[in-house]
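Source file structure.cif; content: mmCIF, C-alpha atoms.
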data_coords
loop_
_atom_site.label_atom_id
_atom_site.label_comp_id
_atom_site.auth_asym_id
_atom_site.auth_seq_id
_atom_site.Cartn_x
_atom_site.Cartn_y
_atom_site.Cartn_z
CA MET A 1 92.52 106.49 81.27
CA GLY A 2 93.69 103.47 83.28
CA SER A 3 91.48 104.39 86.21
CA LEU A 4 88.48 104.53 83.87
CA GLU A 5 89.29 101.07 82.50
CA THR A 6 89.52 99.78 86.06
CA LEU A 7 86.14 101.35 86.89
CA VAL A 8 84.54 99.78 83.81
CA ALA A 9 85.93 96.39 84.86
CA GLN A 10 84.48 96.86 88.34
CA ILE A 11 81.09 97.81 86.90
CA GLN A 12 81.12 94.72 84.70
CA GLY A 13 82.21 92.46 87.56
CA LEU A 14 80.01 93.82 90.35
CA SER A 15 76.55 93.99 88.75
CA SER A 16 75.21 90.50 89.38
CA SER A 17 74.14 90.13 93.03
CA ALA A 18 72.65 92.60 95.49
CA GLY A 19 75.79 92.47 97.63
CA ASP A 20 78.05 93.19 94.64
CA ILE A 21 75.86 96.09 93.56
CA SER A 22 76.05 97.60 97.05
CA ARG A 23 79.87 97.45 96.92
CA LEU A 24 79.81 98.91 93.41
CA HIS A 25 77.64 101.77 94.65
CA VAL A 26 80.30 102.70 97.22
CA ILE A 27 83.01 102.62 94.52
CA LEU A 28 80.94 104.78 92.16
CA LYS A 29 80.31 107.38 94.85
CA GLN A 30 84.06 107.61 95.47
CA ALA A 31 84.74 107.93 91.72
CA GLU A 32 82.10 110.62 91.16
CA ASP A 33 84.51 113.58 91.03
CA SER A 34 86.93 111.84 88.68
CA LEU A 35 84.04 110.89 86.38
CA ARG A 36 82.93 114.49 86.14
CA SER A 37 86.47 115.64 85.36
CA GLU A 38 86.60 113.09 82.51
CA SER A 39 83.06 113.87 81.27
CA THR A 40 84.13 114.67 77.70
CA ARG A 41 85.81 111.25 77.27
CA LEU A 42 83.12 109.01 78.76
CA SER A 43 80.80 108.49 75.78
CA PRO A 44 82.84 105.62 74.21
CA ILE A 45 82.70 103.73 77.52
CA LEU A 46 78.91 103.44 77.31
CA SER A 47 79.22 101.02 74.38
CA GLN A 48 81.14 98.62 76.67
CA LEU A 49 78.23 98.40 79.14
CA ASP A 50 74.82 96.76 78.95
CA PRO A 51 72.13 98.99 80.53
CA SER A 52 69.98 95.95 81.32
CA ILE A 53 72.82 94.45 83.43
CA HIS A 54 75.08 97.33 84.46
CA SER A 55 72.29 99.84 85.16
CA LEU A 56 73.87 101.52 88.19
CA GLY A 57 77.30 101.99 86.61
CA TYR A 58 75.75 103.08 83.32
CA LEU A 59 73.71 105.67 85.24
CA TYR A 60 76.75 107.19 86.95
CA ILE A 61 78.67 107.47 83.68
CA LEU A 62 75.65 108.84 81.82
CA GLU A 63 75.06 111.43 84.54
CA ALA A 64 78.69 112.58 84.29
CA CYS A 65 78.39 112.77 80.46
CA THR A 66 75.35 115.04 80.70
CA SER A 67 76.61 117.18 83.58
CA VAL A 68 78.23 119.73 81.25
CA PRO A 69 76.45 121.93 78.68
CA ILE A 70 76.20 120.16 75.33
CA SER A 71 75.62 121.36 71.77
CA LYS A 72 72.80 120.35 69.48
CA GLU A 73 75.14 117.96 67.64
CA GLN A 74 76.23 116.32 70.90
CA ALA A 75 72.59 116.03 71.97
CA ALA A 76 71.79 114.17 68.73
CA THR A 77 74.49 111.63 69.64
CA LEU A 78 73.57 111.31 73.31
CA VAL A 79 69.76 111.09 73.07
CA PRO A 80 69.69 107.51 71.67
CA TYR A 81 72.02 106.35 74.49
CA VAL A 82 69.78 107.85 77.16
CA ALA A 83 66.59 106.55 75.54
CA ARG A 84 68.03 103.03 75.36
CA PHE A 85 69.23 103.22 78.96
CA ILE A 86 65.82 104.32 80.26
CA SER A 87 64.08 101.56 78.33
CA PHE A 88 66.34 98.72 79.52
CA CYS A 89 67.64 99.77 82.95
CA VAL A 90 66.77 97.70 86.04
CA PRO A 91 64.43 99.63 88.44
CA GLU A 92 66.01 98.10 91.55
CA GLN A 93 69.43 99.46 90.55
CA ILE A 94 68.44 102.97 89.47
CA ARG A 95 66.41 103.45 92.67
CA LEU A 96 69.70 103.25 94.59
CA ALA A 97 70.58 106.64 93.06
CA PRO A 98 67.19 108.28 92.33
CA ASP A 99 68.58 111.83 92.26
CA LYS A 100 71.01 110.91 89.49
CA PHE A 101 68.29 109.12 87.52
CA ILE A 102 66.03 112.16 87.81
CA SER A 103 68.89 114.44 86.76
CA VAL A 104 69.65 112.31 83.68
CA CYS A 105 65.97 112.20 82.67
CA LYS A 106 65.49 115.95 83.08
CA ARG A 107 68.54 116.63 80.92
CA PHE A 108 67.21 114.12 78.41
CA LYS A 109 64.00 116.18 78.24
CA GLU A 110 66.04 119.32 77.63
CA GLN A 111 68.00 117.57 74.88
CA VAL A 112 64.95 116.38 72.89
CA VAL A 113 63.46 119.88 73.21
CA LEU A 114 66.79 121.31 71.96
CA LEU A 115 66.49 119.00 68.95
CA ASP A 116 62.91 120.22 68.35
CA ALA A 117 61.76 116.61 68.70
CA PRO A 118 59.82 116.35 71.97
CA ILE A 119 57.95 113.31 70.67
CA ARG A 120 61.23 111.32 70.87
CA GLY A 121 61.17 111.76 74.64
CA VAL A 122 57.56 110.77 75.35
CA ALA A 123 57.87 106.96 75.45
CA PRO A 124 61.24 106.89 77.29
CA MET A 125 60.00 109.42 79.88
CA LEU A 126 56.84 107.36 80.52
CA ALA A 127 59.08 104.34 81.11
CA ALA A 128 61.25 106.44 83.46
CA VAL A 129 58.21 107.49 85.51
CA GLN A 130 57.04 103.89 85.85
CA LYS A 131 60.50 102.65 86.87
CA LEU A 132 61.03 105.39 89.44
CA GLN A 133 57.60 105.01 91.03
CA SER A 134 57.32 102.88 94.15
CA SER A 135 53.58 102.50 93.34
CA SER A 136 50.96 104.07 91.06
CA GLU A 137 50.02 106.36 94.00
CA HIS A 138 53.51 107.91 94.02
CA LEU A 139 54.04 111.27 92.27
CA THR A 140 57.67 111.54 91.19
CA SER A 141 59.70 114.52 89.99
CA LEU A 142 59.48 113.06 86.48
CA HIS A 143 55.70 113.24 86.20
CA PRO A 144 55.70 116.97 85.27
CA GLU A 145 58.58 116.42 82.82
CA PHE A 146 56.64 113.66 81.07
CA LEU A 147 53.44 115.72 80.90
CA LEU A 148 55.35 118.72 79.51
CA LEU A 149 56.79 116.56 76.72
CA CYS A 150 53.27 115.29 75.96
CA LEU A 151 52.06 118.89 75.70
CA LEU A 152 54.93 119.95 73.44
CA ALA A 153 54.47 116.87 71.23
CA LYS A 154 50.64 117.14 71.38
CA CYS A 155 50.48 113.53 72.60
CA TYR A 156 47.55 114.28 74.88
CA LYS A 157 46.16 110.75 74.90
CA THR A 158 49.50 109.35 76.08
CA GLY A 159 49.61 111.97 78.83
CA MET A 160 46.16 110.90 80.02
CA SER A 161 47.57 107.46 80.85
CA ILE A 162 49.10 108.66 84.13
CA LEU A 163 46.38 111.16 85.04
CA GLU A 164 43.84 108.49 85.96
CA ASP A 165 45.89 107.34 88.98
CA ASP A 166 44.97 108.62 92.45
CA ILE A 167 48.01 110.31 94.00
CA PHE A 168 48.69 110.01 97.74
CA GLU A 169 52.48 110.37 97.94
CA VAL A 170 54.34 113.46 96.67
CA ASP A 171 58.12 114.00 96.64
CA GLN A 172 58.16 117.79 96.18
CA PRO A 173 55.30 120.35 96.39
CA ARG A 174 56.41 122.04 93.16
CA ASP A 175 56.06 118.71 91.33
CA PHE A 176 52.44 118.50 92.48
CA PHE A 177 51.61 122.02 91.26
CA LEU A 178 53.19 121.35 87.85
CA TYR A 179 51.56 117.91 87.61
CA CYS A 180 48.11 119.46 88.19
CA TYR A 181 48.76 122.38 85.84
CA TYR A 182 50.21 120.39 82.93
CA GLY A 183 47.67 117.62 83.53
CA GLY A 184 44.85 120.16 83.37
CA MET A 185 46.17 121.45 80.06
CA ILE A 186 46.33 117.92 78.63
CA CYS A 187 42.73 117.27 79.70
CA ILE A 188 41.69 120.54 78.04
CA GLY A 189 43.41 119.34 74.85
CA GLN A 190 41.36 116.13 75.08
CA LYS A 191 38.13 118.04 75.89
CA ARG A 192 38.06 116.23 79.23
CA PHE A 193 36.89 119.36 81.02
CA ARG A 194 35.63 117.64 84.18
CA LYS A 195 39.03 116.06 84.84
CA ALA A 196 40.75 119.34 83.88
CA LEU A 197 38.67 121.16 86.50
CA GLU A 198 39.65 118.61 89.14
CA LEU A 199 43.37 119.00 88.46
CA LEU A 200 43.32 122.80 88.17
CA HIS A 201 41.23 123.01 91.35
CA ASN A 202 43.89 120.96 93.16
CA ALA A 203 46.62 123.34 91.97
CA VAL A 204 44.65 126.36 93.18
CA THR A 205 43.63 124.96 96.58
CA ALA A 206 46.85 123.08 97.48
CA PRO A 207 48.68 124.28 100.62
CA MET A 208 51.05 127.18 99.93
CA SER A 209 52.69 129.70 102.24
CA ASN A 210 53.13 132.23 99.42
CA ILE A 211 51.27 132.67 96.16
CA ASN A 212 53.10 131.07 93.23
CA ALA A 213 53.03 131.59 89.47
CA ILE A 214 51.79 128.06 88.77
CA ALA A 215 48.70 128.54 90.95
CA ILE A 216 47.97 131.88 89.27
CA GLU A 217 48.11 130.39 85.76
CA ALA A 218 46.05 127.42 86.94
CA TYR A 219 43.41 129.77 88.37
CA LYS A 220 43.10 131.60 85.04
CA LYS A 221 42.43 128.34 83.22
CA TYR A 222 40.20 127.12 86.06
CA ILE A 223 37.91 130.13 85.53
CA MET A 224 37.61 129.52 81.79
CA VAL A 225 37.11 125.75 82.08
CA SER A 226 34.41 126.35 84.73
CA LEU A 227 32.57 128.55 82.25
CA ILE A 228 32.96 126.00 79.45
CA HIS A 229 31.94 122.98 81.53
CA HIS A 230 29.45 124.40 84.05
CA GLY A 231 28.38 127.62 82.38
CA GLN A 232 29.17 129.56 85.53
CA PHE A 233 31.97 130.45 87.93
CA SER A 234 32.09 131.31 91.61
CA THR A 235 34.91 133.46 93.00
CA SER A 236 34.57 131.89 96.46
CA LEU A 237 37.18 129.21 97.17
CA PRO A 238 36.77 126.28 99.59
CA LYS A 239 37.65 127.01 103.21
CA TYR A 240 40.63 124.64 103.08
CA THR A 241 42.31 126.86 100.45
CA SER A 242 45.45 128.58 101.77
CA SER A 243 45.09 132.15 103.03
CA ALA A 244 47.71 133.27 100.47
CA ALA A 245 45.54 132.01 97.61
CA GLN A 246 42.36 133.41 99.18
CA ARG A 247 43.88 136.88 99.47
CA HIS A 248 45.90 137.29 96.29
CA LEU A 249 44.69 135.06 93.43
CA LYS A 250 41.90 137.36 92.29
CA ASN A 251 44.30 140.34 92.14
CA PHE A 252 46.39 138.60 89.48
CA CYS A 253 43.42 137.38 87.43
CA GLN A 254 41.09 140.39 87.12
CA PRO A 255 40.58 140.13 83.31
CA TYR A 256 39.40 136.55 83.80
CA ILE A 257 37.07 137.55 86.65
CA ASP A 258 35.62 140.20 84.32
CA LEU A 259 35.19 137.50 81.65
CA ALA A 260 33.17 135.38 84.08
CA VAL A 261 31.01 138.36 85.10
CA SER A 262 30.20 139.22 81.47
CA TYR A 263 29.49 135.53 80.75
CA SER A 264 26.96 135.40 83.58
CA THR A 265 24.80 137.99 81.76
CA GLY A 266 24.13 135.49 78.96
CA LYS A 267 24.64 138.26 76.39
CA ILE A 268 27.10 137.58 73.58
CA ALA A 269 27.65 141.30 72.93
CA GLU A 270 28.81 141.95 76.50
CA LEU A 271 31.07 138.90 76.46
CA GLU A 272 32.71 139.91 73.17
CA ALA A 273 33.19 143.49 74.41
CA CYS A 274 34.97 142.17 77.51
CA ILE A 275 37.17 139.95 75.33
CA GLN A 276 38.17 142.86 73.09
CA THR A 277 39.00 145.00 76.14
CA ASN A 278 41.27 142.33 77.61
CA ARG A 279 42.49 140.72 74.38
CA GLU A 280 46.15 141.63 75.01
CA HIS A 281 46.07 139.93 78.43
CA PHE A 282 44.51 136.76 77.01
CA GLU A 283 46.97 136.59 74.10
CA SER A 284 50.04 137.27 76.26
CA ASP A 285 48.90 134.44 78.57
CA ASN A 286 48.45 132.14 75.53
CA ASN A 287 44.84 131.65 76.58
CA PHE A 288 43.03 133.20 73.63
CA GLY A 289 42.17 129.80 72.14
CA LEU A 290 40.48 128.85 75.40
CA VAL A 291 38.66 132.21 75.45
CA LYS A 292 37.21 131.34 72.02
CA GLN A 293 35.90 128.09 73.49
CA VAL A 294 34.26 130.13 76.26
CA VAL A 295 32.39 132.13 73.58
CA SER A 296 31.33 128.92 71.83
CA SER A 297 30.10 127.49 75.13
CA MET A 298 27.86 130.54 75.67
CA TYR A 299 26.10 129.81 72.36
CA LYS A 300 25.64 126.22 73.55
CA ARG A 301 24.29 127.31 76.94
CA ASN A 302 21.79 129.62 75.27
CA ILE A 303 20.66 126.80 72.96
CA GLN A 304 20.32 124.48 75.97
CA ARG A 305 18.04 127.02 77.64
CA LEU A 306 15.77 126.85 74.60
CA THR A 307 15.26 123.11 75.16
CA GLN A 308 13.69 123.92 78.52
CA THR A 309 11.08 126.17 76.89
CA TYR A 310 10.36 124.80 73.40
CA LEU A 311 9.63 121.37 71.93
CA THR A 312 10.11 122.54 68.32
CA LEU A 313 11.96 125.54 66.95
CA SER A 314 13.28 126.59 63.55
CA LEU A 315 16.97 127.01 62.89
CA GLN A 316 16.27 130.64 61.95
CA ASP A 317 14.62 131.28 65.33
CA ILE A 318 17.54 129.61 67.13
CA ALA A 319 20.02 131.79 65.21
CA ASN A 320 18.05 134.94 66.07
CA THR A 321 17.59 134.05 69.74
CA VAL A 322 21.19 133.11 70.51
CA GLN A 323 22.62 135.79 68.16
CA LEU A 324 24.24 133.54 65.56
CA ASN A 325 24.90 134.88 62.07
CA SER A 326 22.81 132.40 60.08
CA PRO A 327 20.58 129.29 60.28
CA LYS A 328 23.50 127.28 58.87
CA GLU A 329 25.69 128.31 61.80
CA ALA A 330 22.87 127.40 64.19
CA GLU A 331 22.61 124.00 62.51
CA MET A 332 26.36 123.36 63.00
CA HIS A 333 26.11 124.21 66.71
CA VAL A 334 23.05 121.98 67.21
CA LEU A 335 24.65 119.05 65.35
CA GLN A 336 27.84 119.35 67.42
CA MET A 337 25.82 119.44 70.64
CA ILE A 338 23.86 116.35 69.59
CA GLN A 339 27.11 114.56 68.78
CA ASP A 340 28.60 115.52 72.17
CA GLY A 341 25.46 114.38 74.02
CA GLU A 342 24.78 117.90 75.33
CA ILE A 343 21.23 117.97 73.94
CA PHE A 344 18.89 115.40 72.42
CA ALA A 345 17.20 116.57 69.24
CA THR A 346 16.46 115.85 65.59
CA ILE A 347 16.69 118.26 62.64
CA ASN A 348 14.23 118.13 59.76
CA GLN A 349 16.30 119.13 56.75
CA LYS A 350 13.22 119.89 54.63
CA ASP A 351 11.72 122.66 56.72
CA GLY A 352 14.72 123.49 58.95
CA MET A 353 12.86 122.64 62.16
CA VAL A 354 14.58 121.29 65.28
CA ARG A 355 12.66 118.95 67.58
CA PHE A 356 14.00 118.67 71.12
CA LEU A 357 13.76 115.25 72.80
CA GLU A 358 14.06 113.77 76.29
CA ASP A 359 17.23 111.99 77.43
CA PRO A 360 16.87 108.43 76.05
CA GLU A 361 19.17 106.93 78.72
CA GLN A 362 17.15 104.62 81.02
CA TYR A 363 20.13 103.80 83.27
CA LYS A 364 19.42 100.07 83.11
CA THR A 365 21.77 98.81 80.39
CA CYS A 366 24.63 96.45 81.25
CA GLU A 367 27.19 99.11 80.34
CA MET A 368 25.60 101.69 82.62
CA ILE A 369 25.34 99.21 85.51
CA GLU A 370 29.02 98.31 85.09
CA HIS A 371 29.93 102.01 85.01
CA ILE A 372 27.97 102.71 88.22
CA ASP A 373 29.45 99.65 89.93
CA SER A 374 33.02 100.61 89.02
CA SER A 375 32.40 104.14 90.36
CA ILE A 376 31.07 102.74 93.63
CA GLN A 377 34.08 100.41 93.96
CA ARG A 378 36.49 103.30 93.35
CA ILE A 379 34.76 105.48 95.94
CA MET A 380 34.87 102.64 98.49
CA ALA A 381 38.60 102.12 97.86
CA LEU A 382 39.19 105.87 98.21
CA SER A 383 37.24 105.90 101.48
CA ARG A 384 39.38 103.05 102.87
CA LYS A 385 42.54 104.87 101.84
CA LEU A 386 41.45 108.12 103.49
CA THR A 387 40.54 106.26 106.68
CA ALA A 388 44.00 104.66 106.77
CA ILE A 389 45.70 108.03 106.22
CA ASP A 390 43.56 109.61 108.93
CA GLU A 391 44.54 106.89 111.39
CA GLN A 392 48.20 107.26 110.42
CA ILE A 393 48.12 111.02 111.03
CA SER A 394 46.21 110.54 114.30
CA CYS A 395 49.10 108.44 115.61
CA ASP A 396 51.90 110.68 114.32
CA PRO A 397 53.90 112.07 117.29
CA LEU A 398 54.66 115.37 115.53
CA TYR A 399 51.00 115.96 114.75
CA LEU A 400 49.94 115.01 118.29
CA ALA A 401 52.53 117.32 119.83
CA LYS A 402 51.28 120.24 117.73
CA ALA A 403 47.64 119.34 118.39
CA GLY A 404 48.36 119.12 122.12
CA ARG A 405 49.88 122.60 122.16
CA GLU A 406 46.91 124.03 120.29
CA ARG A 407 44.22 121.95 122.00
CA GLN A 408 42.52 125.01 123.47
CA ARG A 409 41.82 126.31 119.95
CA PHE A 410 39.69 123.28 119.05
CA ASP A 411 36.69 121.40 120.38
CA PHE A 412 37.53 118.28 122.34
CA ASP A 413 35.44 116.27 119.88
CA ASP A 414 38.22 116.83 117.33
CA PHE A 415 40.42 114.42 119.30
CA ASP A 416 37.96 111.55 119.73
CA THR A 417 39.67 109.43 117.09
CA VAL A 418 43.14 109.74 118.70
CA PRO A 419 44.18 106.44 120.34
CA GLN A 420 44.30 106.67 124.15
CA LYS A 421 47.99 105.71 124.35
CA PHE A 422 48.94 108.82 122.35
CA ASN A 423 46.89 111.35 124.32
CA ILE A 424 49.00 114.17 125.72
#
Taking this structure as input, can you express it in the form of structure tokens?
Amino acid sequence: MGSLETLVAQIQGLSSSAGDISRLHVILKQAEDSLRSESTRLSPILSQLDPSIHSLGYLYILEACTSVPISKEQAATLVPYVARFISFCVPEQIRLAPDKFISVCKRFKEQVVLLDAPIRGVAPMLAAVQKLQSSSEHLTSLHPEFLLLCLLAKCYKTGMSILEDDIFEVDQPRDFFLYCYYGGMICIGQKRFRKALELLHNAVTAPMSNINAIAIEAYKKYIMVSLIHHGQFSTSLPKYTSSAAQRHLKNFCQPYIDLAVSYSTGKIAELEACIQTNREHFESDNNFGLVKQVVSSMYKRNIQRLTQTYLTLSLQDIANTVQLNSPKEAEMHVLQMIQDGEIFATINQKDGMVRFLEDPEQYKTCEMIEHIDSSIQRIMALSRKLTAIDEQISCDPLYLAKAGRERQRFDFDDFDTVPQKFNI
């Protein structure tokens, strides 16, 4: 135990200046094996350290404490320590040992799930993501862990807070796939179908040498969200999609392709027959709730088509045309669509007549002008970022060496932007 007391004294004495912390880091690396061997006796030491001052030392001890399997009772004791550490630790110190910080946070996620209390991990994990990030454009290994906790705790709005950032830097490809997949699910939970489509599309079209399970599950949801949001789905993928995805995705998702084909007929009976045929697939994939939303969206699409033909229509006629069970059910669909801004109409409660209206938006209010201006500014910033990345790649020696070897496969115009000094 004497060596542990000495180590605690060193942590307490070498956590003030950058030079001291560098020396402490060397000591902690050397003591790593002994800490792991003493893992069962380290918990009391944590109370002698302040995570806001001794962040690096606290991290090493905490990582050793969590390196062995723990019981539910031990997790209940350890979770508050980890949550407090994440909240108060100094980013500059924990970034000296990012792998250990990631390891501690991932085990923390496992512990709150073990306790059936994922909501206890949401706020600390969001803090962990922000402290590990070098910038808001950086996707860390903790992003998927945070989004998964938000899904389990149904804290979709909190999860949305990190999905608005544009990502340009990724640590691991698997993190990107999970980020897009979990993020898409959170957007579905929030009815943000446009953003969900963007994220799921990125998971499906991202570079991959072999097809992976995440992309397959993302593609299934991508098909259904396309039907819900656009009312249609195309099986053709963009040309930049990997050959592995182009060749194999459809083979793993045939029931969902069939769903899209039956949806395209516009006939509820055909859609419901397809759903019954493939019900086991949808339920085993935990996608049956989303399938129900697909059915609901078909009713909405059929009602929207009526607005292009009629100015006034009775609720009974709407129910008959779109194959709803009653005028009351038609009224509920119309009211929901009016509330969601999907159609513009009024309902006369006396005679049950629906009057379809034109879009009242004149696109000249202050709010609309601000919205358009902010969109333009974001697109301009994105354009500048893409130009900078393009220039950076154009000057990368590895890229230029590969491009030089394969020059005969491309047009010479492809190399016009390459600076002269790097030409091969």
So that I can see what lies close to region 200-202 of chain A, please list as a CSV table (one decimal) with C-alpha atoms, keeping the file's coordinate frame the residues with an atom at most 6 Å from it, counting only C-alpha atoms and leaving out residues fewer than 3 positions away in the same chain.
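File written: selection10.csv
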chain,number,residue,atom,x,y,z
A,180,CYS,CA,48.1,119.5,88.2
A,181,TYR,CA,48.8,122.4,85.8
A,184,GLY,CA,44.8,120.2,83.4
A,197,LEU,CA,38.7,121.2,86.5
A,205,THR,CA,43.6,125.0,96.6
A,206,ALA,CA,46.8,123.1,97.5
A,218,ALA,CA,46.0,127.4,86.9
A,222,TYR,CA,40.2,127.1,86.1
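Excluding region 256-263 of chain A itself and same-chain residues fewer than 5 positions from it, the residues having an atom within 7 Å of it are A:Lys220, A:Ile223, A:Phe233, A:Glu270, A:Leu271, A:Cys274, counting only C-alpha atoms.
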Q.
List as number ranges by chain the protein and nucleic acid residues near Asp359 (chain A), meaning an atom at most 12 Å away when all atoms listed in the file are counted, but skip any in the same chain fewer than 3 places from it.
A. A: 307, 338, 341-345, 356, 362-363
Q. Excluding same-chain residues fewer than 3 positions from Phe88 (chain A), what lies within 10 Å of it counting only C-alpha atoms, as a PyMOL selection string?
A. chain A and resi 50-53+55+83-85+91+124+127
Q: Output the residue selection produced by the PyMOL selection byres ((chain A and resi 119) around 9) on the file above, formatted as a ChimeraX atom specification.
A: /A:112-113,116-118,120-123,149-150,152-155
Please provide the set of residues having any atom within 12 Å of Ala9 (chain A), restricted to only C-alpha atoms, with same-chain residues fewer than 2 positions apart removed, written as a compact mmCIF listing (two decimals) with C-alpha atoms, keeping the file's coordinate frame.
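Output saved as selection_31.txt:
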# COMPACT_ATOMS: atom_id res chain seq x y z
CA GLY A 2 93.69 103.47 83.28
CA SER A 3 91.48 104.39 86.21
CA LEU A 4 88.48 104.53 83.87
CA GLU A 5 89.29 101.07 82.50
CA THR A 6 89.52 99.78 86.06
CA LEU A 7 86.14 101.35 86.89
CA ILE A 11 81.09 97.81 86.90
CA GLN A 12 81.12 94.72 84.70
CA GLY A 13 82.21 92.46 87.56
CA LEU A 14 80.01 93.82 90.35
CA SER A 15 76.55 93.99 88.75
CA LEU A 24 79.81 98.91 93.41
CA ILE A 27 83.01 102.62 94.52
CA ILE A 45 82.70 103.73 77.52
CA GLN A 48 81.14 98.62 76.67
CA LEU A 49 78.23 98.40 79.14
CA HIS A 54 75.08 97.33 84.46
CA GLY A 57 77.30 101.99 86.61
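CA of Leu147 (chain A) is found 17.0 Å from CA of Leu114 (chain A).
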Q: Please write as number ranges by chain the full residue list that the PyMOL selection byres ((chain A and resi 210) around 10) yields on this file.
A: A: 207-209, 211-213, 242-245, 248
Q. Can you list, as a list in words, the residues that the PyMOL selection byres ((chain A and resi 157) around 12) selects here?
A. Val122, Leu147, Cys150, Leu151, Ala153, Lys154, Cys155, Tyr156, Thr158, Gly159, Met160, Ser161, Ile162, Leu163, Glu164, Gly183, Met185, Ile186, Cys187, Ile188, Gly189, Gln190, Lys191 and Arg192 of chain A
Based on the selection just made, write C-alpha atoms of those residues as a short mmCIF file (atom, residue, chain, number, x, y, z; two decimals), in the frame of the given file.
data_model
loop_
_atom_site.label_atom_id
_atom_site.label_comp_id
_atom_site.auth_asym_id
_atom_site.auth_seq_id
_atom_site.Cartn_x
_atom_site.Cartn_y
_atom_site.Cartn_z
CA VAL A 122 57.56 110.77 75.35
CA LEU A 147 53.44 115.72 80.90
CA CYS A 150 53.27 115.29 75.96
CA LEU A 151 52.06 118.89 75.70
CA ALA A 153 54.47 116.87 71.23
CA LYS A 154 50.64 117.14 71.38
CA CYS A 155 50.48 113.53 72.60
CA TYR A 156 47.55 114.28 74.88
CA THR A 158 49.50 109.35 76.08
CA GLY A 159 49.61 111.97 78.83
CA MET A 160 46.16 110.90 80.02
CA SER A 161 47.57 107.46 80.85
CA ILE A 162 49.10 108.66 84.13
CA LEU A 163 46.38 111.16 85.04
CA GLU A 164 43.84 108.49 85.96
CA GLY A 183 47.67 117.62 83.53
CA MET A 185 46.17 121.45 80.06
CA ILE A 186 46.33 117.92 78.63
CA CYS A 187 42.73 117.27 79.70
CA ILE A 188 41.69 120.54 78.04
CA GLY A 189 43.41 119.34 74.85
CA GLN A 190 41.36 116.13 75.08
CA LYS A 191 38.13 118.04 75.89
CA ARG A 192 38.06 116.23 79.23
#
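Restricting the calculation to all atoms listed in the file, the smallest distance between Thr346 (chain A) and any of A:Leu35, A:Met380, A:Ile372, A:Leu311 is found for A:Leu311.
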Q. Using all atoms listed in the file, which of A:Leu126, A:Leu132, A:Leu315, A:Ile389 sits nearest Leu148 (chain A)?
A.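 Residue with the minimum atom-to-atom distance to Leu148 (chain A): A:Leu126.
With all atoms listed in the file as the basis for measurement, A:Asn302 is the residue among A:Arg279, A:Gln293, A:Asn302, A:Leu335 that approaches Ala319 (chain A) most closely.
In this model, the gap between CA of Lys385 (chain A) and CA of Ser136 (chain A) comes to 13.7 Å.
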Please complete region 322-330 of chain A with N, CA, C and O atoms and give it back as a short mmCIF file (atom, residue, chain, number, x, y, z; two decimals), in the coordinates of the input.
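The resulting file, out-v4.cif, is reproduced below:
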data_model
loop_
_atom_site.label_atom_id
_atom_site.label_comp_id
_atom_site.auth_asym_id
_atom_site.auth_seq_id
_atom_site.Cartn_x
_atom_site.Cartn_y
_atom_site.Cartn_z
N VAL A 322 19.86 133.22 69.87
CA VAL A 322 21.19 133.11 70.51
C VAL A 322 22.23 133.98 69.80
O VAL A 322 23.42 133.91 70.10
N GLN A 323 21.79 134.80 68.85
CA GLN A 323 22.62 135.79 68.16
C GLN A 323 23.73 135.16 67.32
O GLN A 323 24.88 135.60 67.34
N LEU A 324 23.33 134.12 66.55
CA LEU A 324 24.24 133.54 65.56
C LEU A 324 23.99 134.23 64.23
O LEU A 324 22.94 134.83 63.99
N ASN A 325 24.96 134.12 63.32
CA ASN A 325 24.90 134.88 62.07
C ASN A 325 23.91 134.32 61.06
O ASN A 325 23.38 135.07 60.23
N SER A 326 23.67 133.00 61.11
CA SER A 326 22.81 132.40 60.08
C SER A 326 22.21 131.09 60.59
O SER A 326 22.72 130.49 61.55
N PRO A 327 21.13 130.61 59.93
CA PRO A 327 20.58 129.29 60.28
C PRO A 327 21.60 128.17 60.10
O PRO A 327 21.59 127.19 60.86
N LYS A 328 22.47 128.31 59.10
CA LYS A 328 23.50 127.28 58.87
C LYS A 328 24.44 127.17 60.07
O LYS A 328 24.80 126.07 60.49
N GLU A 329 24.82 128.31 60.63
CA GLU A 329 25.69 128.31 61.80
C GLU A 329 24.96 127.70 63.00
O GLU A 329 25.56 126.96 63.79
N ALA A 330 23.67 128.00 63.12
CA ALA A 330 22.87 127.40 64.19
C ALA A 330 22.81 125.89 64.03
O ALA A 330 22.92 125.14 65.01
#
